[in-house]
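Only one structure is covered here, and it is reproduced in the block below.
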Amino acid sequence: MSYINKPKVAHPSLPTNTLGLTRRQYEGSMSTLCAGCGHDSVTAAIVEACWGLALQPEQLVKLSGIGCSSKTTAYFVSGSHGFNSVHGRMASIASGANAANRGLTYVGVSGDGDSLSIGVGQLVHVIRRNVNMLYLIENNGVYGLTKGQFSASADIGTKAKRGETNSSPPIDPVLLALTLGATFVARSFSGDKAQLVPLIQAGMRHNGFALIDVLSPCVTFNDHEGSTKSYGFTREHYHAAVEADFVPRAEEIAVDYSAGESIPVSLHDGSRVILRKLDPTYDPTDRSAAYAYIEQKLKQNEYVTGLIHIDETDNTEFHNLNRTSKTPLNKIPFDKLSPGRAALDKLMGRYR
Amino acid sequence: MPSLIAEASRVNDFVVKFANVNGTGSASANSLIMKAIFRMGVPVTGKNYFPSNIQGLPTWYEIRVTRDGYAARASHVDIMVAMNAETYSKDVRELRSGGYLIYDSTWPRSSLLQRGDITVIPVPLAKLVNENFDGVRNRILLKNIAYAGVLAALLDVDLDVISGLLSESYGKKPKLLDSNTKALRLGYDYVKEQLTSPLPLRVEHMEKTRGHIMIDGNTAAGLGCVYAGATVGAWYPITPSTSLMDAFKGFCERYRVDAETGERNFAVLQAEDELAAVGMVIGASWNGARAFTPTSGPGISLMNEFVGLAYYAEVPCVIFDVQRVGPSTGMPTRTQQSDIMICAYASHGDTRHVLLFPANPEECFYMAVQAFDLAERLQTPVFVLSDLDIGMNDWMCPDLKWDDAYKPDRGKVLSKEEIDGLEKFYRYLDRDDDAIPYRTLPGTSSKAAYFTRGSGHNQYGGYTEDSAEYQVVLDRLKRKFSTAAKYVPKPVMIGKGNSAVGIVSIGSCDGAIREALDVLTMQKIEVDYLRVKAFPFNSDVEAFLKTHATIFVVEQNRDAQLKSLLTLETAVEKTKLFSILSYSGLPISAQPIVDEIRAKLAEAPRLTAVPR
């Protein structure tokens, strides 16, 4: 249970990052999710990603809504502030928090119910607002806490544990984000840590809104025969089109990539993403082509994974458009905010 | 002498009402007249009765010239400027006996406008304007300035003052200045040449507006947010609160943009709805910015869920509710005080919230600042309950003042150094025994980190489903609300305090009540008046309720919401409270208050007995 604190004592031989911190120091409280839940693997990937980035724990802000997925922000990086808000409305909390302090790294964790049903309006608008954050959807096609109702991401024809068949079309968060002009859109699978960790790192470093849809099976309510979000089905049907390697700032690119198949993309902070195209016809910088490709593969029952779309040339990030001061708004001294008595006295003339 | 019974002299004491069509530019002509009278040193109020529409529907503007400086709407009209043929019959009916009707006689309507007890003043405005100006839109706009000229002549408004105002408005656009001046003279000269002027109702220079301004409450509140150091504003457009954010943004563009870099020390987020708007405010406040949202009743309804989260997770948050008539289309541009209950207990579960009740634009400015101090001190949502009358109408107020010694009360926020000095940080622990815990901001340090939850948490900030642990937090929140009564502004008492009869009211009823008190005093009826400025009610409110035998609760809603709140939250006996209610959508006026109090006291003289 989450109120049992995990011991933070680390064995001296555990590897440390450049801050001298071990992976254990990026963990959170004990998960209360079911054994084998895909979400716990995502949590582990976030821990690995933060450790690998050598992120100061307090520089991270964790945000979530309500649901199994939203609980997970308590299970990683206990040294950072977290906000488990209300159902489907994490995006607005994130928008406000980010407006107040542009200097921190914001990670939102949500689920398919939280983001695609009750919170779809807020998801749409946070993308449109281009708030600088990483938004993870732990997508399992069902409501877990309320015991297995279909969510809006359930595929047509998928079967519930009790046997009913879903007939409503799914909302695909990847296609949705592409439509809305998101500049970082990825899909991954909770069972593929090697793919997921660099995506999370790149998403955290992307200057603008980054969405990762993570297929994350629900072992209790949606891991049976006939479900299109089970471990078995996902493993068989996911299709990596483009893998991403994350290269932190100041690190040399060590691997030799053959030209034509790999594309280096420089991120805002000087780090880089090396895109390795597994399908040579795929171009992740072309949004329309990416959309067509994903849609076509979906028709063939294939979930395309990897860094589906990235555009680092875009400059519509919220603060950039707002021309917000570089100093975070919550750190500007009061005397620079309040115009003072003389200004008010002068202003009164306008109202006579 | 109070104007309710002032019949003898009509100098600087009368009401002019303009009946217009919305979208025709009449507002600038109407405010030109009002401002000119104000500049002549004569107190005025301006009330705008406008439709929820962009162009073509009837709209009215009412200027009350009041040498006594009353802030309320008068319940009569002395001069009607009837510029909307569609509403002629209603407008003619509204005139008080002995009044004057001015209309555009380009199309004579003598039969329609006939009433034996009024004077009709025909002026061929369209004809005058059409002969002198080209262009349809131009003619429509300038016809308004022409009737301003007519009024200037009839009321003896100083032409130099009006010219001064026009120069200020159009100083940089000489063509516009010329055409406006010409239109003004067309109306003015026509009256001087063809009619008898001035009327017995007229304006004379006074010295009663020095040190005062004409300002609306939304502008004042937006300015207050700037002075309070608010940096994040989030909102969804809704009448009548929109102009509050417009004002905030305008002032920020003036005061908060770095001249060299163009960098802005503020962020305004236009949200997708009010749910998101308040979420943004909570997120920003949680992260250490002073943040606010302006809205109105329907927005409050949508914000309810999040408000409960902020209450329970103890996140500061400032919400301006510029109240209007209830749901959606039809009457949203009319005023009311009908969100008292929904704000006091907003959200699900056990919640009670701090409310501030400004009575005029001046208080909107100061209470905006207070709201942030209270929200951060108490770590809870604070509602500022203004209304459409305060928010959107121009009121005469004393100049707004600022003390440069003011330091914002950011409440109990621990710095990194303070956290370093602690063995461990516990978010919801009552360390000071005042029911207010300490908080930390994201980014401070790992040791300062805590997990904010809407779900059950114990006093250490940890997750809990334990009844006892949950109740500890819930009970402390109740104590915190009682503590709030010590921080909120005290009520204002007017009167000797020893009368058996009292009035209790809030907000924009103030002007009408003060005027009613003057009339009652002349009629030898002594009444004490208590204006409540905040909820929770403090001991002064309790004392007033206890020491008065008969109490009239004056408010602008149908269901007596303030009275309900008083009976729920104080020890007052329900049977000694009598409601005086106004919920027509028009601002309350003094006459009904006087009438209802007199009627009630006449009906039961024992009500005036001083309690033992």
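Going by the structure tokens order, chains are called A, B, ..., each with residues numbered from 1, while ligands are numbered from 1 in the order shown.
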Practice task
Could the residues of chain B within 6 Å of chain A, counting only C-alpha atoms, be given as a list in words, please?
Solution key: Ile213, Met214, Tyr227, Gly229, Glu263, Arg264, Asn265, Ala276, Gly279, Met280, Val281, Gly283, Ala284, Asn287, Gly288, Ala289, Trp402, Asp404, Pro442, Gly443, Ser445, Ser446, Ala449, Tyr450, Phe451, Thr452, Arg453 and Gly454 of chain B
What does the file look like for those residues with C-alpha atoms, as a PDB file, in the first residue's frame?
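So the final result, stored in selection33.pdb, reads:
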ATOM      1  CA  ILE B 213     -13.581  59.582 -10.519  1.00  0.00           C
ATOM      2  CA  MET B 214     -16.180  57.843 -12.660  1.00  0.00           C
ATOM      3  CA  TYR B 227      -1.814  46.124  -7.942  1.00  0.00           C
ATOM      4  CA  GLY B 229       0.599  41.406  -8.090  1.00  0.00           C
ATOM      5  CA  GLU B 263       8.809  40.554 -22.211  1.00  0.00           C
ATOM      6  CA  ARG B 264       5.559  40.332 -20.300  1.00  0.00           C
ATOM      7  CA  ASN B 265       5.213  39.830 -16.571  1.00  0.00           C
ATOM      8  CA  ALA B 276     -10.610  24.782 -17.253  1.00  0.00           C
ATOM      9  CA  GLY B 279      -8.347  24.631 -12.991  1.00  0.00           C
ATOM     10  CA  MET B 280      -5.720  26.955 -14.414  1.00  0.00           C
ATOM     11  CA  VAL B 281      -6.115  29.309 -11.484  1.00  0.00           C
ATOM     12  CA  GLY B 283      -2.646  25.121 -10.932  1.00  0.00           C
ATOM     13  CA  ALA B 284      -1.026  28.551 -11.039  1.00  0.00           C
ATOM     14  CA  ASN B 287       2.643  26.814  -8.147  1.00  0.00           C
ATOM     15  CA  GLY B 288       3.045  30.134  -6.329  1.00  0.00           C
ATOM     16  CA  ALA B 289       1.554  32.746  -8.654  1.00  0.00           C
ATOM     17  CA  TRP B 402      -2.352  53.089  -3.062  1.00  0.00           C
ATOM     18  CA  ASP B 404       3.523  51.867  -1.418  1.00  0.00           C
ATOM     19  CA  PRO B 442       7.173  23.055  -6.595  1.00  0.00           C
ATOM     20  CA  GLY B 443      10.852  23.512  -7.371  1.00  0.00           C
ATOM     21  CA  SER B 445      13.709  21.159  -2.865  1.00  0.00           C
ATOM     22  CA  SER B 446      13.179  17.406  -2.662  1.00  0.00           C
ATOM     23  CA  ALA B 449       7.996  17.967  -2.000  1.00  0.00           C
ATOM     24  CA  TYR B 450       4.553  16.639  -1.160  1.00  0.00           C
ATOM     25  CA  PHE B 451       1.761  15.010  -3.056  1.00  0.00           C
ATOM     26  CA  THR B 452      -1.378  17.119  -3.443  1.00  0.00           C
ATOM     27  CA  ARG B 453      -4.558  15.121  -3.453  1.00  0.00           C
ATOM     28  CA  GLY B 454      -8.238  15.687  -3.842  1.00  0.00           C
TER      29      GLY B 454
END
Practice task
Show which residues sit within 6 Å of range 33-45 of chain B, as a ChimeraX atom specification. Count only C-alpha atoms, and ignore same-chain residues fewer than 5 positions away.
Solution key: /B:63-67,69,161-162,205-209,395
Handout entry: Residues within 8 Å of range 354-367 of chain B, only C-alpha atoms, excluding chain neighbours under 3 positions, as an MDAnalysis selection string
Key = chainID B and resid 215:225 343:344 370:371 380:386 390:391 395 397:398 400 481 484 488 506:510 532:536
Practice task
Using CA of Lys159 in chain A and CA of Thr72 in chain A as the two end points, give the distance in Å to one decimal.
Solution key: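 We find that CA of Lys159 in chain A and CA of Thr72 in chain A lie 26.3 Å from each other.
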Handout entry: strand (DSSP E) per DSSP on the backbone: members of range 20-187 of chain A, as a PyMOL selection string
Key = chain A and resi 60-64+81-84+105-111+133-139+142-143+149-150+184-187
Can you write out the residues you just picked, keeping C-alpha atoms, as a compact mmCIF listing (two decimals), in the first residue's frame?
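The resulting file, result-v1.txt, is shown below:
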# COMPACT_ATOMS: atom_id res chain seq x y z
CA LEU A 60 9.93 17.83 -11.97
CA VAL A 61 6.23 18.51 -11.51
CA LYS A 62 3.89 15.51 -11.70
CA LEU A 63 0.25 16.01 -12.60
CA SER A 64 -2.65 13.66 -13.00
CA HIS A 81 5.71 17.95 -6.17
CA GLY A 82 2.70 16.04 -7.44
CA PHE A 83 -0.91 17.02 -7.99
CA ASN A 84 -3.55 14.34 -8.28
CA THR A 105 9.62 20.12 -16.20
CA TYR A 106 5.97 19.10 -16.32
CA VAL A 107 4.83 15.52 -16.75
CA GLY A 108 1.15 14.66 -16.81
CA VAL A 109 -0.01 11.07 -16.52
CA SER A 110 -3.53 10.25 -17.60
CA GLY A 111 -5.58 7.35 -18.90
CA MET A 133 4.78 19.42 -21.01
CA LEU A 134 4.91 15.71 -21.53
CA TYR A 135 1.44 14.15 -21.50
CA LEU A 136 1.37 10.38 -21.13
CA ILE A 137 -1.80 8.42 -21.74
CA GLU A 138 -1.71 4.96 -20.20
CA ASN A 139 -4.17 3.42 -22.60
CA VAL A 142 -11.27 0.14 -20.00
CA TYR A 143 -12.22 1.83 -16.77
CA GLN A 149 -16.58 -0.55 -18.59
CA PHE A 150 -15.34 0.21 -22.10
CA PHE A 184 5.62 15.70 -30.66
CA VAL A 185 3.42 12.61 -31.00
CA ALA A 186 4.50 9.11 -30.06
CA ARG A 187 3.03 5.72 -29.33
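Here CA of Val304 in chain A stands at a distance of 20.8 Å from CA of Ile127 in chain A.
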Handout entry: Surrounding residues of range 574-583 of chain B excluding itself and chain neighbours under 5 positions, 6 Å, only C-alpha atoms, as a PyMOL selection string
Key = chain B and resi 550-558
With N, CA and C atoms retained, could you export that selection as a PDB file, in the first residue's frame?
ATOM      1  N   THR B 550     -36.158  44.126  15.229  1.00  0.00           N
ATOM      2  CA  THR B 550     -36.756  43.920  13.911  1.00  0.00           C
ATOM      3  C   THR B 550     -35.694  44.244  12.877  1.00  0.00           C
ATOM      4  N   ILE B 551     -35.462  43.286  12.024  1.00  0.00           N
ATOM      5  CA  ILE B 551     -34.362  43.494  11.061  1.00  0.00           C
ATOM      6  C   ILE B 551     -34.862  43.243   9.643  1.00  0.00           C
ATOM      7  N   PHE B 552     -34.665  44.255   8.810  1.00  0.00           N
ATOM      8  CA  PHE B 552     -35.004  44.116   7.397  1.00  0.00           C
ATOM      9  C   PHE B 552     -33.749  43.684   6.643  1.00  0.00           C
ATOM     10  N   VAL B 553     -33.863  42.582   5.955  1.00  0.00           N
ATOM     11  CA  VAL B 553     -32.720  42.109   5.171  1.00  0.00           C
ATOM     12  C   VAL B 553     -32.987  42.474   3.711  1.00  0.00           C
ATOM     13  N   VAL B 554     -32.188  43.396   3.215  1.00  0.00           N
ATOM     14  CA  VAL B 554     -32.402  43.915   1.862  1.00  0.00           C
ATOM     15  C   VAL B 554     -31.421  43.239   0.913  1.00  0.00           C
ATOM     16  N   GLU B 555     -31.946  42.669  -0.152  1.00  0.00           N
ATOM     17  CA  GLU B 555     -31.063  41.998  -1.113  1.00  0.00           C
ATOM     18  C   GLU B 555     -31.741  41.879  -2.465  1.00  0.00           C
ATOM     19  N   GLN B 556     -30.930  41.607  -3.490  1.00  0.00           N
ATOM     20  CA  GLN B 556     -31.453  41.592  -4.861  1.00  0.00           C
ATOM     21  C   GLN B 556     -31.505  40.169  -5.415  1.00  0.00           C
ATOM     22  N   ASN B 557     -32.414  39.386  -4.843  1.00  0.00           N
ATOM     23  CA  ASN B 557     -32.722  38.061  -5.375  1.00  0.00           C
ATOM     24  C   ASN B 557     -34.099  37.659  -4.867  1.00  0.00           C
ATOM     25  N   ARG B 558     -34.667  36.624  -5.426  1.00  0.00           N
ATOM     26  CA  ARG B 558     -36.044  36.231  -5.088  1.00  0.00           C
ATOM     27  C   ARG B 558     -36.112  35.426  -3.794  1.00  0.00           C
TER      28      ARG B 558
END
